[in-house]
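J.: Submitted below is the structure of interest, expressed as structure tokens.
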Amino acid sequence: PAVQAPEVAIVVYSSYACPYCATWSRQLRDLVRQYPDRLSVVVRPFPLDAARESWAIAAARALAEQGRFADLHESLFAQQSGQV
């Protein structure tokens, strides 16, 4: 059978320095887990502090090419919010 595309695609512009983005990221992760076949998410960088976040953006892009973006993405927000 053909693979069906998700019904809803969300494009998120976020910054790893933004506490609101960290909160939204957790909520969005929960939605994706709840509706894995119906929802897809594309994350685009929108840095609030480009000098501080440039390494994180580069690392996220590199891991995205390896299919491991979600691991780093969640880790960076956890560090920013002091959960690590």
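Chain labels A, B, ... are given in the sequence in which chains occur in the structure tokens; within each chain residues are numbered consecutively from 1, and ligands are likewise numbered from 1 in the order shown.
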Show me, as a list in words, the residues that have an atom within 9 Å of His73 (chain A) when counting only C-alpha atoms, minus same-chain residues fewer than 6 positions from it.

T.: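 With the cut-off at 9 Å, the set is Tyr16, Ser25, Ala56 and Ala60 of chain A.
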
J.: Running DSSP on the backbone, which parts of chain A land in strand (DSSP E), as a VMD selection string?

T.: chain A and resid 8 to 14 39 to 45

J.: Could you give me, as number ranges by chain, the residues within 9 Å of Ala17 (chain A), counting only C-alpha atoms and dropping anything in the same chain fewer than 2 positions from it?

T.: A: 14-15, 19, 21-22, 47-49, 52-53, 77, 80-81

J.: Can you write out the residues you just picked, keeping C-alpha atoms, as a PDB file, in the first residue's frame?

T.:
```
ATOM      1  CA  SER A  14      11.369  28.829  17.026  1.00  0.00           C
ATOM      2  CA  SER A  15      14.417  29.871  19.004  1.00  0.00           C
ATOM      3  CA  PRO A  19      11.137  29.837  27.012  1.00  0.00           C
ATOM      4  CA  CYS A  21       9.167  28.040  22.325  1.00  0.00           C
ATOM      5  CA  ALA A  22      10.344  25.385  24.786  1.00  0.00           C
ATOM      6  CA  PRO A  47      17.002  32.657  16.519  1.00  0.00           C
ATOM      7  CA  LEU A  48      16.542  35.421  19.060  1.00  0.00           C
ATOM      8  CA  ASP A  49      20.295  35.425  19.696  1.00  0.00           C
ATOM      9  CA  ARG A  52      24.565  32.073  20.797  1.00  0.00           C
ATOM     10  CA  GLU A  53      22.319  29.791  18.783  1.00  0.00           C
ATOM     11  CA  PHE A  77      15.022  23.106  25.002  1.00  0.00           C
ATOM     12  CA  GLN A  80      17.446  26.182  28.115  1.00  0.00           C
ATOM     13  CA  SER A  81      14.676  25.668  30.634  1.00  0.00           C
TER      14      SER A  81
END
```

J.: Between CA of Val12 (chain A) and CA of Gly67 (chain A), what is the distance, to one decimal in Å?

T.: 17.9 Å

J.: Which residue is closest to Trp55 (chain A)? Choose from A:Ile10, A:Leu76, A:Ala5, A:Leu28 and count only C-alpha atoms.

T.: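 Nearest candidate to Trp55 (chain A) out of A:Ile10, A:Leu76, A:Ala5, A:Leu28: A:Leu76.
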
J.: Within 12 Å of Leu39 (chain A), counting only C-alpha atoms, which residues show up once you throw out same-chain ones fewer than 2 positions away? Write them as number ranges by chain, please.

T.: A: 4-11, 28-37, 41-42

J.: Determine the nearest neighbour of Pro45 (chain A) from the options A:Glu65, A:Gln79, A:Cys18, A:Asp71, counting only C-alpha atoms.

T.: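 With only C-alpha atoms as the atom set, the closest residue is A:Cys18.
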
J.: Could you check how far CA of Leu72 (chain A) sits from CA of Ala59 (chain A), in Å to one decimal?

T.: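 It comes out at 8.1 Å.
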